[in-house]
Amino acid sequence: MWVDVLLLMKQELMLVAMIFFILFLKLGRERSNESYISIVNVLLLINLVAGFIGSKQGMLFNEMFRTNELMVLEKNILSLAMLIISMQSSVWLKTHKHVPEFYVLLLSTMLGMFFMISAGNLLMFYLGLELSTIPLAAAANFDLVKRQSSEAALKLIFSSAFSSSLLLFGISMIYGTTGSLTFSQIPPLLTNDPLQIFAFILLLAGFAFKISVAPFHMWTADVYEGAPVAVTSFLSVVSKGAVLFVFISVLYTVFKPLAAAWYNMLFILSLLTIITGNLFAIRQNNFKRFLAFSSIAQVGFILVGISGSSQFGTASVVYFVLIYVFSNLAAFGVIALVSGLTGKENITDYKGFYKTNPLLSWILTIALFSLAGVPPTAGFFGKFFLLFAGAGKGNFLFITIAALNMIISFYYYLRVVRAIFMDENPKPIETLRIPLLPRIALYTCTVGVLTVGFIRFIYNYIHALSTGL
Amino acid sequence: MLLSLLIIFPLLTALAILFCKGLKQVRNIALSGAALQAGYVVYLLLLFVQEDIAVKGMAFQYACSWFEPLSINYHVGVDGISMVMILLTACIVLAGVLVSWATETLSKEFFFLLMLLSLGAYGFFISLDLFTLFFFLEIAVIPKFLLIGIWGSGKKEYSAMKLALMLMGGSALVFVGLAGIYFNTGTFDLLAIAANPIARDVQLIFFPFAFLGFGVFTALFPFHTWVPDGHASAPTAASMFLAGISMKLGGYGCLRVATFLMPDAAHAWSWVIILLATIAIIYGAFATMMQTDLKYINAYSSVSHCGFVLLGIGMLTKTSINGAVLQMVSHGLMTALFFAAIGMIYSRTHTRMLAQLGGLLKVTPFISTVFVIAGLCSLGLPGLSGFVAEMTVFMGAWQNPDKWYRLATILACASIVVTAVYILRATGKTIMGPMSSTYENLVDAKWNERLAAALLIAGILLIGLAPFLINQLISPGTEVIMNRVIGFSK
């Protein structure tokens, strides 16, 4: 029993160990921020590497906790994102008063996500979700001097509470109509009963809040703008990725009997989300707000993938999230660096950026092209497979509208590229020295963006794992 | 592997350019890279001629799995048509590098992007897998945006954005078409799809997507509006690429993907293609008459000339499709030459306006001659490639017995008169007549410009004087396409 627990829950246990380790470090003698940052980064690296070793399939605690290779991979993707974010935020954290607390908060959030991904029971899922949102709201408030940061935290906690209550309401109704909360027992009891559909709608709305699907996206832009860049990138990549992972496994396994109902809902939500995200992104000037809306549009495209068959859908979503980690974090990395060193966060500030910072400009450009889905970057493959998975259902109206929306998204990404390369600016951002850790992070992301599509093993592996669902 | 080198060479050149220091090194690497590509393509051609294409169908095939679960492969191979397009690409890449020799601002990035563009074009022409084909089609979009936006002139940002968005829209449509083909055949492999015909009603739905999508690339009316702005704002080499190669991606795609894979639908929809092509030909010709900027003249005439390509494809006879391919090559060489000449004139006089130019023959005889040759080729003078290509298209078009199609052919033929008017007017105003005194000290073409022009003129003359050579290359390829088209119509 104990060996099983140790092996199956290794990623969660490692996180717990790390959290306590950091807390004990804080109790000990006074340390410089640099030493905290380097210790944590080394720990995160070990965590990431160890995550790949010896993954097993199994269930624990009466199916409360289950794990398989795909879930281990999903958690590893999140660990990778966490490591990159941590390296990127080192510039900002160096001058911060509460470095260990920041890490404890983010790691607790991660822990919640891990439990949520591995949940085999709606209650367990709910617990994980709560654990993953409450510390995050505290982290959003971590720019202690900025009022906007507190505003972001408040908005995040309110919207989270609202979505959690929707989820809980839905869960209670599922329990009421089926008499079970265990994932494996629910599907046979689902009968397309109106009350069950209603419960599903509530659950869907709860999920939609978390991954900012329109019309539940209102909080996104404000929170992204106000929170520190590190938290914003965490929200947009890790937090969104985790909920997406759960979302697909819940949809494809638990709510499989309701597939006909949720396909139509996804169809509408997805197009609405893509169009809303795109139209709002066009007008943004603050880079973080811009990425907020662009990430809303990305989620819309992910929903297209989810609407496909379970294997294609799962594979394309997991693959896309992996690529999204690289491309979005490369973009956020440059923004974090520029905002950390100069305080500038507007797209107009980036005019003439290429003259002074050619390397950063290329990294940002490659990242944006990847987000736009242009080859040879990985984003092309990600988008292609998402739309492709969606097309598998044969609804070509859906795919055509989604594909044509790529033009709009292309426009606003190119707008930034235009500012960087073509627009004149008498006072461009001065030439920046990139510190070691962010440099490593940026290079990792860029290499990832440029190579993931060509390493055919990655997609094939994910696709093979996706059969399990 | 033979063909994959066509992708690897530009890639290596591009990477080498990134590590270069100084303008001189960049130029040398770019030039040697382009020359290497050209040499290699000629070598391939020699090998290709020895292959027994009738037996193998596609020469130099190579396939390996890319995304196995989706049966997406990297599959390349060439027939005569793609071989000719590759030759054209190599020729224009070399000429383009030579012409942009003097680029000093951000020269490293400039040649890097040029190489990326050529990579996309090569990859597109050799692909036998629709996924690879689509991948390379999209690769070619971004370099164009940056080339026009950074090194262009005039309202360059606007033109670059317009071009990128319209081409992106084209590829979005292509994507839907390809996905439709995939989910009805279960494969992306061109040859495998060709072996198992697609159901007629499926073809009817997805043919328009594929054809319109590729059509945007080749200035299909009414999606031609990116052409004039894009060409006019682009730097010389980029204009040459755009008109010479990039617009051919579309024509080739229309032929190889849309018509070849969905011949039934091609028959059913051919009246729309003919209608749009005829409008493009006539509208393009008349629009050119109104232009006063040399680049706009050539750009609008490209719309008109690419109309012939689509007309040839739409007529669906063997001769007309042969003519369409010939026209692609001929137009590629001819516009590239035209843009090169305009670039040379512009770099010396700093104007492209007809009203300000004049009498250049006296001071820059070489450039003026090049300009005249390009012009004469454009209006279809016998002995040059334009005549051969257009003549073949018309002959082939007339073979289609439908009376409305014949009317379209007559109208398209008549547009040649308009072409003659604007070409002769442009040449006359530019190189004849009184010369402004400021132009007295202009220097004639330098070695690099002479070499580039000579290369392109050689191609034009070769096709013009010995069309049977290139016809032998193309014919087996068109035969395969026609067999499918005829097979389905009966």
# chains A, B, ... in the order shown; residues from 1 in each chain; ligands from 1

$ interface_residues --of "chain B" --to "chain A" --cutoff "10 Å" --atoms "only C-alpha atoms" --output "VMD selection string"
chain B and resid 65 to 70 106 120 131 134 to 142 145 to 146 148 to 151 156 to 157 160 to 162 164 to 180 182 to 184 206 209

$ residues_around --residues "Val223 (chain A)" --least-positions-apart "4" --cutoff "12 Å" --atoms "only C-alpha atoms" --output "JSON, numbers by chain"
{"A": [136, 137, 139, 140, 141, 148, 149, 150, 151, 152, 153, 154, 155, 156, 157, 158, 159, 160, 212, 217, 218, 219, 227, 228, 229, 231, 232, 233, 234, 235, 236, 288, 289, 291, 292, 293]}

$ write_last_selection --atoms "N, CA, C and O atoms" --output "compact mmCIF listing (two decimals), in the first residue's frame"
# COMPACT_ATOMS: atom_id res chain seq x y z
N LEU A 136 -3.67 31.20 -5.70
CA LEU A 136 -3.37 31.97 -6.90
C LEU A 136 -3.86 33.41 -6.76
O LEU A 136 -3.19 34.35 -7.20
N ALA A 137 -5.01 33.57 -6.11
CA ALA A 137 -5.53 34.93 -5.90
C ALA A 137 -4.56 35.71 -5.02
O ALA A 137 -4.30 36.89 -5.26
N ALA A 139 -1.40 35.20 -4.89
CA ALA A 139 -0.22 35.48 -5.70
C ALA A 139 -0.48 36.64 -6.66
O ALA A 139 0.42 37.43 -6.95
N ALA A 140 -1.73 36.75 -7.13
CA ALA A 140 -2.05 37.85 -8.04
C ALA A 140 -1.87 39.20 -7.35
O ALA A 140 -1.67 40.22 -7.99
N ASN A 141 -1.94 39.19 -6.04
CA ASN A 141 -1.80 40.43 -5.28
C ASN A 141 -0.34 40.72 -4.94
O ASN A 141 -0.04 41.52 -4.07
N GLN A 148 -3.56 48.13 -8.71
CA GLN A 148 -4.15 47.29 -9.74
C GLN A 148 -4.00 45.81 -9.41
O GLN A 148 -4.86 45.00 -9.74
N SER A 149 -2.89 45.51 -8.75
CA SER A 149 -2.62 44.12 -8.42
C SER A 149 -3.66 43.60 -7.43
O SER A 149 -4.17 42.48 -7.57
N SER A 150 -4.00 44.43 -6.43
CA SER A 150 -5.03 44.01 -5.47
C SER A 150 -6.37 43.87 -6.17
O SER A 150 -7.14 42.95 -5.89
N GLU A 151 -6.61 44.79 -7.11
CA GLU A 151 -7.87 44.73 -7.85
C GLU A 151 -7.96 43.41 -8.60
O GLU A 151 -8.99 42.72 -8.60
N ALA A 152 -6.82 43.04 -9.22
CA ALA A 152 -6.79 41.79 -9.97
C ALA A 152 -7.08 40.62 -9.05
O ALA A 152 -7.88 39.73 -9.38
N ALA A 153 -6.46 40.63 -7.88
CA ALA A 153 -6.65 39.53 -6.94
C ALA A 153 -8.12 39.43 -6.54
O ALA A 153 -8.70 38.34 -6.49
N LEU A 154 -8.72 40.60 -6.28
CA LEU A 154 -10.11 40.60 -5.86
C LEU A 154 -11.01 40.05 -6.96
O LEU A 154 -11.90 39.23 -6.72
N LYS A 155 -10.76 40.50 -8.19
CA LYS A 155 -11.57 40.02 -9.30
C LYS A 155 -11.39 38.53 -9.49
O LYS A 155 -12.36 37.81 -9.78
N LEU A 156 -10.17 38.08 -9.33
CA LEU A 156 -9.90 36.66 -9.52
C LEU A 156 -10.65 35.85 -8.48
O LEU A 156 -11.31 34.84 -8.81
N ILE A 157 -10.60 36.30 -7.21
CA ILE A 157 -11.22 35.50 -6.15
C ILE A 157 -12.74 35.51 -6.32
O ILE A 157 -13.40 34.50 -6.12
N PHE A 158 -13.30 36.67 -6.70
CA PHE A 158 -14.75 36.72 -6.89
C PHE A 158 -15.19 35.79 -8.02
O PHE A 158 -16.12 35.00 -7.88
N SER A 159 -14.50 35.92 -9.16
CA SER A 159 -14.94 35.10 -10.29
C SER A 159 -14.71 33.63 -10.01
O SER A 159 -15.52 32.78 -10.40
N SER A 160 -13.61 33.33 -9.28
CA SER A 160 -13.37 31.92 -8.93
C SER A 160 -14.47 31.41 -8.03
O SER A 160 -14.97 30.29 -8.22
N SER A 212 -11.67 30.80 -19.21
CA SER A 212 -12.13 32.03 -19.86
C SER A 212 -12.69 31.82 -21.26
O SER A 212 -12.15 32.31 -22.25
N HIS A 217 -15.70 35.30 -19.85
CA HIS A 217 -14.28 35.68 -19.95
C HIS A 217 -14.00 37.04 -19.34
O HIS A 217 -12.87 37.49 -19.37
N MET A 218 -15.03 37.70 -18.81
CA MET A 218 -14.90 39.12 -18.46
C MET A 218 -13.75 39.42 -17.52
O MET A 218 -13.12 40.47 -17.60
N TRP A 219 -13.49 38.49 -16.60
CA TRP A 219 -12.46 38.78 -15.60
C TRP A 219 -11.06 38.74 -16.19
O TRP A 219 -10.13 39.36 -15.68
N ALA A 227 -2.24 41.71 -12.49
CA ALA A 227 -1.35 40.80 -11.77
C ALA A 227 0.09 40.97 -12.26
O ALA A 227 0.32 41.44 -13.37
N PRO A 228 1.07 40.60 -11.43
CA PRO A 228 2.46 40.61 -11.88
C PRO A 228 2.63 39.69 -13.08
O PRO A 228 1.89 38.71 -13.21
N VAL A 229 3.60 39.99 -13.94
CA VAL A 229 3.72 39.22 -15.19
C VAL A 229 3.88 37.74 -14.91
O VAL A 229 3.32 36.90 -15.61
N VAL A 231 2.64 35.96 -12.52
CA VAL A 231 1.35 35.34 -12.20
C VAL A 231 0.47 35.30 -13.45
O VAL A 231 -0.25 34.33 -13.68
N THR A 232 0.57 36.36 -14.26
CA THR A 232 -0.22 36.36 -15.49
C THR A 232 0.17 35.18 -16.36
O THR A 232 -0.69 34.47 -16.90
N SER A 233 1.48 34.98 -16.51
CA SER A 233 1.86 33.86 -17.38
C SER A 233 1.45 32.53 -16.75
O SER A 233 1.06 31.60 -17.44
N PHE A 234 1.52 32.47 -15.42
CA PHE A 234 1.07 31.25 -14.74
C PHE A 234 -0.42 31.01 -15.00
O PHE A 234 -0.84 29.91 -15.33
N LEU A 235 -1.19 32.07 -14.86
CA LEU A 235 -2.63 31.96 -15.09
C LEU A 235 -2.94 31.52 -16.51
O LEU A 235 -3.79 30.67 -16.75
N SER A 236 -2.23 32.12 -17.46
CA SER A 236 -2.61 31.88 -18.85
C SER A 236 -2.10 30.55 -19.35
O SER A 236 -2.64 30.01 -20.30
N LYS A 288 -0.16 42.90 -21.90
CA LYS A 288 -0.76 41.82 -21.13
C LYS A 288 -2.24 41.65 -21.47
O LYS A 288 -2.74 40.54 -21.60
N ARG A 289 -2.92 42.77 -21.64
CA ARG A 289 -4.33 42.69 -22.04
C ARG A 289 -4.43 42.05 -23.42
O ARG A 289 -5.31 41.24 -23.69
N LEU A 291 -2.40 39.93 -24.78
CA LEU A 291 -2.22 38.48 -24.69
C LEU A 291 -3.41 37.81 -24.01
O LEU A 291 -3.72 36.65 -24.28
N ALA A 292 -4.06 38.54 -23.10
CA ALA A 292 -5.25 37.99 -22.45
C ALA A 292 -6.31 37.67 -23.50
O ALA A 292 -6.83 36.56 -23.56
N PHE A 293 -6.59 38.66 -24.35
CA PHE A 293 -7.63 38.41 -25.35
C PHE A 293 -7.17 37.39 -26.38
O PHE A 293 -7.95 36.57 -26.86

$ residues_around --residues "region 316-331 of chain A" --least-positions-apart "2" --cutoff "7 Å" --atoms "only C-alpha atoms" --output "PyMOL selection string"
chain A and resi 77+81+233+237+241+302+305-306+312-314+333-335+363-364+367-368+370-371+378-379+382+385-386+389+442+445-446+448-449+459+462

$ select_by_dssp --residues "region 177-326 of chain B" --states "helix (DSSP H, G or I)" --output "VMD selection string"
chain B and resid 177 to 185 190 to 195 200 to 217 226 to 233 236 to 261 263 to 289 294 to 315 318 to 326

$ atom_distance --atom1 "CA of Phe216 (chain A)" --atom2 "CA of Ile274 (chain A)"
12.8 Å

$ atom_distance --atom1 "CA of Asp293 (chain B)" --atom2 "CA of Gly244 (chain B)"
19.3 Å

$ select_by_dssp --residues "region 12-156 of chain B" --states "strand (DSSP E)" --output "list in words"
Ala59, Phe60, Gln61, Tyr62, Ala63, Cys64, Ser65, Trp66, Phe67, Ile72, Asn73, Tyr74, His75, Val76, Gly77 and Val78 of chain B

$ residues_around --residues "Ile8 (chain B)" --least-positions-apart "5" --cutoff "10 Å" --atoms "only C-alpha atoms" --output "list of chain:residue names"
B:Leu3, B:Thr13, B:Ala14, B:Gln37, B:Leu119, B:Gly123

$ residues_around --residues "Ala242 (chain A)" --least-positions-apart "6" --cutoff "8 Å" --atoms "only C-alpha atoms" --output "number ranges by chain"
A: 74, 78, 113-114, 116-117

$ residues_around --residues "region 10-15 of chain A" --least-positions-apart "6" --cutoff "8 Å" --atoms "only C-alpha atoms" --output "number ranges by chain"
A: 47, 51, 75, 107-108, 110-111, 114-115
